[in-house]
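Below: run.txt (compact mmCIF, C-alpha atoms)
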# COMPACT_ATOMS: atom_id res chain seq x y z
CA MET A 1 0.00 0.00 0.00
CA SER A 2 2.78 2.47 0.87
CA GLN A 3 4.47 1.76 -2.47
CA ILE A 4 1.28 2.72 -4.33
CA ILE A 5 1.03 5.99 -2.38
CA VAL A 6 4.68 6.79 -3.09
CA LEU A 7 4.17 5.98 -6.80
CA ILE A 8 1.09 8.24 -7.01
CA LEU A 9 2.92 11.10 -5.27
CA ALA A 10 5.91 10.68 -7.58
CA VAL A 11 3.71 10.81 -10.69
CA LEU A 12 1.93 13.91 -9.38
CA LEU A 13 5.25 15.61 -8.62
CA ILE A 14 6.61 14.82 -12.09
CA GLY A 15 3.42 16.17 -13.64
CA PHE A 16 3.68 19.38 -11.61
CA ILE A 17 7.32 19.89 -12.60
CA LEU A 18 6.50 19.37 -16.29
CA TRP A 19 3.62 21.85 -16.07
CA TRP A 20 5.75 24.40 -14.21
CA PHE A 21 8.63 24.40 -16.73
CA PHE A 22 6.91 23.52 -20.02
CA GLY A 23 3.24 24.44 -19.60
CA LYS A 24 1.63 27.47 -21.21
CA HIS A 25 1.17 30.16 -18.60
CA GLU A 26 -0.81 33.33 -19.15
CA VAL A 27 1.31 36.44 -19.33
CA SER A 28 0.18 39.99 -18.76
CA THR A 29 0.34 42.32 -21.76
CA ALA A 30 0.18 46.11 -21.86
CA SER A 31 0.79 48.94 -24.28
CA SER A 32 2.84 52.03 -23.60
CA VAL A 33 1.26 55.40 -22.93
CA VAL A 34 2.06 57.77 -25.81
CA SER A 35 2.27 61.42 -24.87
CA GLY A 36 3.46 63.89 -27.49
CA ASN A 37 6.74 62.67 -28.96
CA SER A 38 7.47 60.03 -26.33
CA GLN A 39 6.00 56.93 -24.78
CA SER A 40 6.44 55.26 -21.41
CA ALA A 41 5.45 52.11 -19.58
CA ASN A 42 5.83 50.89 -16.01
CA VAL A 43 7.04 47.40 -15.16
CA ILE A 44 6.68 46.01 -11.65
CA VAL A 45 9.32 43.40 -10.81
CA ASN A 46 7.81 41.05 -8.25
CA GLY A 47 8.28 37.32 -8.80
CA GLY A 48 8.67 38.15 -12.50
CA TYR A 49 7.82 41.09 -14.74
CA ASN A 50 4.36 42.64 -14.76
CA PRO A 51 3.43 43.23 -17.50
CA ALA A 52 5.58 40.54 -19.08
CA VAL A 53 4.84 41.73 -22.63
CA LEU A 54 4.92 45.40 -23.61
CA VAL A 55 3.77 46.78 -26.95
CA LEU A 56 5.61 49.94 -28.04
CA LYS A 57 4.95 52.21 -30.99
CA LYS A 58 7.68 52.18 -33.63
CA GLY A 59 9.66 55.38 -34.08
CA VAL A 60 8.51 57.03 -30.84
CA PRO A 61 11.22 57.28 -28.15
CA ALA A 62 10.32 54.94 -25.28
CA THR A 63 11.13 54.92 -21.59
CA LEU A 64 10.49 51.83 -19.47
CA ILE A 65 10.29 52.43 -15.74
CA PHE A 66 11.17 49.35 -13.69
CA ASN A 67 10.37 49.13 -9.99
CA ARG A 68 11.64 46.01 -8.20
CA LYS A 69 9.54 44.97 -5.20
CA ASP A 70 10.99 41.45 -4.95
CA PRO A 71 13.99 41.04 -2.59
CA SER A 72 15.31 38.09 -4.63
CA THR A 73 18.88 38.53 -5.86
CA CYS A 74 17.89 36.93 -9.17
CA LEU A 75 15.83 39.99 -10.07
CA GLU A 76 18.51 42.54 -9.13
CA LYS A 77 19.35 43.08 -12.80
CA VAL A 78 17.47 43.36 -16.05
CA VAL A 79 19.28 42.43 -19.28
CA PHE A 80 18.27 43.49 -22.80
CA PRO A 81 20.80 41.69 -25.03
CA ASP A 82 19.52 43.32 -28.24
CA PHE A 83 20.03 46.82 -26.82
CA GLY A 84 23.22 46.16 -24.84
CA ILE A 85 21.51 47.00 -21.55
CA ASN A 86 22.54 45.30 -18.29
CA GLN A 87 20.97 47.45 -15.58
CA ASP A 88 20.89 47.09 -11.79
CA LEU A 89 17.42 47.37 -10.25
CA PRO A 90 17.61 48.59 -6.65
CA GLN A 91 14.67 47.47 -4.55
CA ASN A 92 11.69 49.88 -4.27
CA LYS A 93 13.23 52.49 -6.60
CA ASP A 94 12.20 53.52 -10.09
CA VAL A 95 14.80 52.89 -12.77
CA ALA A 96 14.17 54.47 -16.18
CA LEU A 97 15.57 52.78 -19.28
CA ASN A 98 15.46 54.31 -22.75
CA ILE A 99 14.57 51.80 -25.47
CA ASP A 100 15.35 52.19 -29.17
CA THR A 101 12.11 51.82 -31.12
CA SER A 102 13.50 52.66 -34.56
CA GLU A 103 13.06 49.08 -35.82
CA ALA A 104 9.95 46.94 -35.48
CA GLY A 105 10.36 43.50 -33.94
CA GLU A 106 10.22 41.43 -30.80
CA TYR A 107 12.93 41.94 -28.20
CA GLU A 108 13.33 39.65 -25.20
CA TYR A 109 14.74 40.62 -21.83
CA ALA A 110 15.50 38.65 -18.68
CA CYS A 111 16.79 38.83 -15.15
CA GLY A 112 20.51 38.52 -14.50
CA MET A 113 20.23 34.73 -14.07
CA ASN A 114 18.02 34.33 -17.18
CA MET A 115 15.25 32.71 -15.13
CA PHE A 116 12.51 35.35 -15.51
CA HIS A 117 11.68 36.73 -18.94
CA GLY A 118 9.79 39.54 -20.60
CA LYS A 119 9.28 40.76 -24.12
CA ILE A 120 8.95 44.07 -25.93
CA ILE A 121 7.04 44.18 -29.20
CA VAL A 122 7.74 47.24 -31.33
CA LYS A 123 5.16 47.82 -34.07

Could you rewrite the structure in this file as structure tokens?
Amino acid sequence: MSQIIVLILAVLLIGFILWWFFGKHEVSTASSVVSGNSQSANVIVNGGYNPAVLVLKKGVPATLIFNRKDPSTCLEKVVFPDFGINQDLPQNKDVALNIDTSEAGEYEYACGMNMFHGKIIVK
């Protein structure tokens, strides 16, 4: 009987791990706020990036404002490889990053350990 219980728990644990790493999870999406000749968006860093996907308008200078609430050391940095940005994010402080929107496309970003991800869509 105990072997059956252990087997059931093991199968459930494997299923959970597969769902956690490979399952489709809903991500929050938002668009920037365009004001005159600029646009901006706020990103809250708390167990990930919220919103995880940002839509920016092509050709309008963009500023992303990150505010890290999470004390985790993994989220201390945000890295935009396509833009050459590797920025520290002090806890509970706004950090403004200027993003080049001259070319349309999808640009991924991540934490310093590449565990948490976000995306910018310029169109």

>> Applying 9 Å and only C-alpha atoms, which residues near stretch 95-103 of chain A remain after dropping the ones on its own chain fewer than 2 positions away? List them as a PyMOL selection string.
In response: chain A and resi 56-68+83+85+87-90+93+105+122-123

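Comparing A:Asn92, A:His117, A:Leu13, A:Gly84 by their smallest distance to A:Val27, the closest is A:His117 (using all atoms listed in the file).
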
>> Report, in Å with one decimal, the straight-line distance from atom CA of A:Leu75 to atom CA of A:Asp94.
In response: 14.0 Å

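The gap separating atom CA of A:Ile121 from atom CA of A:Ala41 is 12.6 Å, in Å to one decimal.
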
Residues at most 8 Å from A:Ala30, counting all atoms listed in the file, excluding those fewer than 6 positions away in the same chain, as a short mmCIF file (atom, residue, chain, number, x, y, z; two decimals) with C-alpha atoms, in the coordinates of the input?
data_model
loop_
_atom_site.label_atom_id
_atom_site.label_comp_id
_atom_site.auth_asym_id
_atom_site.auth_seq_id
_atom_site.Cartn_x
_atom_site.Cartn_y
_atom_site.Cartn_z
CA PRO A 51 3.43 43.23 -17.50
CA VAL A 53 4.84 41.73 -22.63
CA LEU A 54 4.92 45.40 -23.61
CA VAL A 55 3.77 46.78 -26.95
#

> Which distance in Å separates atom CA of A:Val79 and atom CA of A:Ala52, to one decimal?
Replying inline: 13.8 Å

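Around A:Asp82, within 9 Å and counting all atoms listed in the file, the residues found are Tyr107, Glu108 and Tyr109 of chain A, once anything fewer than 6 positions away on its own chain is removed.
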
The selected residues should be written to file as a compact mmCIF listing (two decimals), in the frame of the given file (atoms: C-alpha atoms).
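So the final result, stored in again_38.txt, reads:
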# COMPACT_ATOMS: atom_id res chain seq x y z
CA TYR A 107 12.93 41.94 -28.20
CA GLU A 108 13.33 39.65 -25.20
CA TYR A 109 14.74 40.62 -21.83

>> Quick one: residues within 10 Å of A:Thr73, only C-alpha atoms, excluding same-chain residues fewer than 2 positions away - as a list of chain:residue names?
In response: A:Asp70, A:Pro71, A:Leu75, A:Glu76, A:Lys77, A:Leu89, A:Gln91, A:Cys111, A:Gly112, A:Met113

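If only C-alpha atoms are the atoms counted, then among A:Ile4, A:Val45, A:Ile17, A:Ala110 the closest residue to A:Lys69 is A:Val45.
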
Pop stretch 9-37 of chain A out of the structure in the block and write N, CA, C and O atoms as a compact mmCIF listing (two decimals), in the first residue's frame.
# COMPACT_ATOMS: atom_id res chain seq x y z
N LEU A 9 2.31 9.81 -5.58
CA LEU A 9 2.92 11.10 -5.27
C LEU A 9 4.04 11.44 -6.25
O LEU A 9 4.18 12.60 -6.67
N ALA A 10 4.83 10.45 -6.62
CA ALA A 10 5.91 10.68 -7.58
C ALA A 10 5.37 11.10 -8.94
O ALA A 10 5.89 12.04 -9.57
N VAL A 11 4.32 10.46 -9.40
CA VAL A 11 3.71 10.81 -10.69
C VAL A 11 3.13 12.22 -10.63
O VAL A 11 3.29 13.01 -11.57
N LEU A 12 2.47 12.56 -9.53
CA LEU A 12 1.93 13.91 -9.38
C LEU A 12 3.04 14.96 -9.36
O LEU A 12 2.92 16.02 -9.98
N LEU A 13 4.13 14.68 -8.68
CA LEU A 13 5.25 15.61 -8.62
C LEU A 13 5.88 15.79 -10.00
O LEU A 13 6.18 16.92 -10.40
N ILE A 14 6.06 14.73 -10.74
CA ILE A 14 6.61 14.82 -12.09
C ILE A 14 5.68 15.64 -12.98
O ILE A 14 6.12 16.49 -13.74
N GLY A 15 4.39 15.40 -12.87
CA GLY A 15 3.42 16.17 -13.64
C GLY A 15 3.47 17.65 -13.31
O GLY A 15 3.43 18.51 -14.21
N PHE A 16 3.58 17.98 -12.03
CA PHE A 16 3.68 19.38 -11.61
C PHE A 16 4.93 20.03 -12.17
O PHE A 16 4.90 21.16 -12.67
N ILE A 17 6.05 19.34 -12.09
CA ILE A 17 7.32 19.89 -12.60
C ILE A 17 7.23 20.12 -14.10
O ILE A 17 7.66 21.17 -14.60
N LEU A 18 6.66 19.19 -14.84
CA LEU A 18 6.50 19.37 -16.29
C LEU A 18 5.60 20.57 -16.60
O LEU A 18 5.90 21.36 -17.49
N TRP A 19 4.50 20.70 -15.87
CA TRP A 19 3.62 21.85 -16.07
C TRP A 19 4.34 23.16 -15.76
O TRP A 19 4.23 24.13 -16.49
N TRP A 20 5.07 23.19 -14.65
CA TRP A 20 5.75 24.40 -14.21
C TRP A 20 6.76 24.90 -15.24
O TRP A 20 6.82 26.07 -15.55
N PHE A 21 7.56 23.99 -15.80
CA PHE A 21 8.63 24.40 -16.73
C PHE A 21 8.19 24.44 -18.19
O PHE A 21 8.74 25.21 -18.96
N PHE A 22 7.24 23.62 -18.60
CA PHE A 22 6.91 23.52 -20.02
C PHE A 22 5.47 23.90 -20.36
O PHE A 22 5.12 23.98 -21.52
N GLY A 23 4.65 24.12 -19.36
CA GLY A 23 3.24 24.44 -19.60
C GLY A 23 3.06 25.86 -20.09
O GLY A 23 3.91 26.74 -19.89
N LYS A 24 1.98 26.12 -20.76
CA LYS A 24 1.63 27.47 -21.21
C LYS A 24 1.03 28.23 -20.04
O LYS A 24 0.05 27.81 -19.46
N HIS A 25 1.65 29.32 -19.69
CA HIS A 25 1.17 30.16 -18.60
C HIS A 25 0.73 31.49 -19.19
O HIS A 25 1.36 32.01 -20.10
N GLU A 26 -0.36 32.03 -18.67
CA GLU A 26 -0.81 33.33 -19.15
C GLU A 26 0.17 34.41 -18.73
O GLU A 26 0.69 34.40 -17.62
N VAL A 27 0.43 35.33 -19.64
CA VAL A 27 1.31 36.44 -19.33
C VAL A 27 0.52 37.74 -19.50
O VAL A 27 -0.36 37.85 -20.34
N SER A 28 0.86 38.71 -18.68
CA SER A 28 0.18 39.99 -18.76
C SER A 28 0.79 40.81 -19.90
O SER A 28 1.99 40.79 -20.13
N THR A 29 -0.07 41.50 -20.62
CA THR A 29 0.34 42.32 -21.76
C THR A 29 -0.20 43.73 -21.57
O THR A 29 -1.33 43.91 -21.11
N ALA A 30 0.61 44.72 -21.94
CA ALA A 30 0.18 46.11 -21.86
C ALA A 30 0.82 46.90 -22.99
O ALA A 30 1.83 46.48 -23.56
N SER A 31 0.23 48.02 -23.29
CA SER A 31 0.79 48.94 -24.28
C SER A 31 1.32 50.16 -23.56
O SER A 31 0.86 50.51 -22.46
N SER A 32 2.27 50.82 -24.19
CA SER A 32 2.84 52.03 -23.60
C SER A 32 1.83 53.17 -23.68
O SER A 32 0.87 53.13 -24.44
N VAL A 33 2.07 54.19 -22.89
CA VAL A 33 1.26 55.40 -22.93
C VAL A 33 2.02 56.42 -23.77
O VAL A 33 3.13 56.82 -23.43
N VAL A 34 1.42 56.81 -24.90
CA VAL A 34 2.06 57.77 -25.81
C VAL A 34 1.59 59.16 -25.43
O VAL A 34 0.40 59.42 -25.31
N SER A 35 2.56 60.05 -25.25
CA SER A 35 2.27 61.42 -24.87
C SER A 35 3.20 62.33 -25.67
O SER A 35 4.40 62.37 -25.42
N GLY A 36 2.65 63.01 -26.65
CA GLY A 36 3.46 63.89 -27.49
C GLY A 36 4.43 63.07 -28.33
O GLY A 36 4.02 62.17 -29.06
N ASN A 37 5.71 63.37 -28.20
CA ASN A 37 6.74 62.67 -28.96
C ASN A 37 7.47 61.63 -28.15
O ASN A 37 8.64 61.32 -28.42
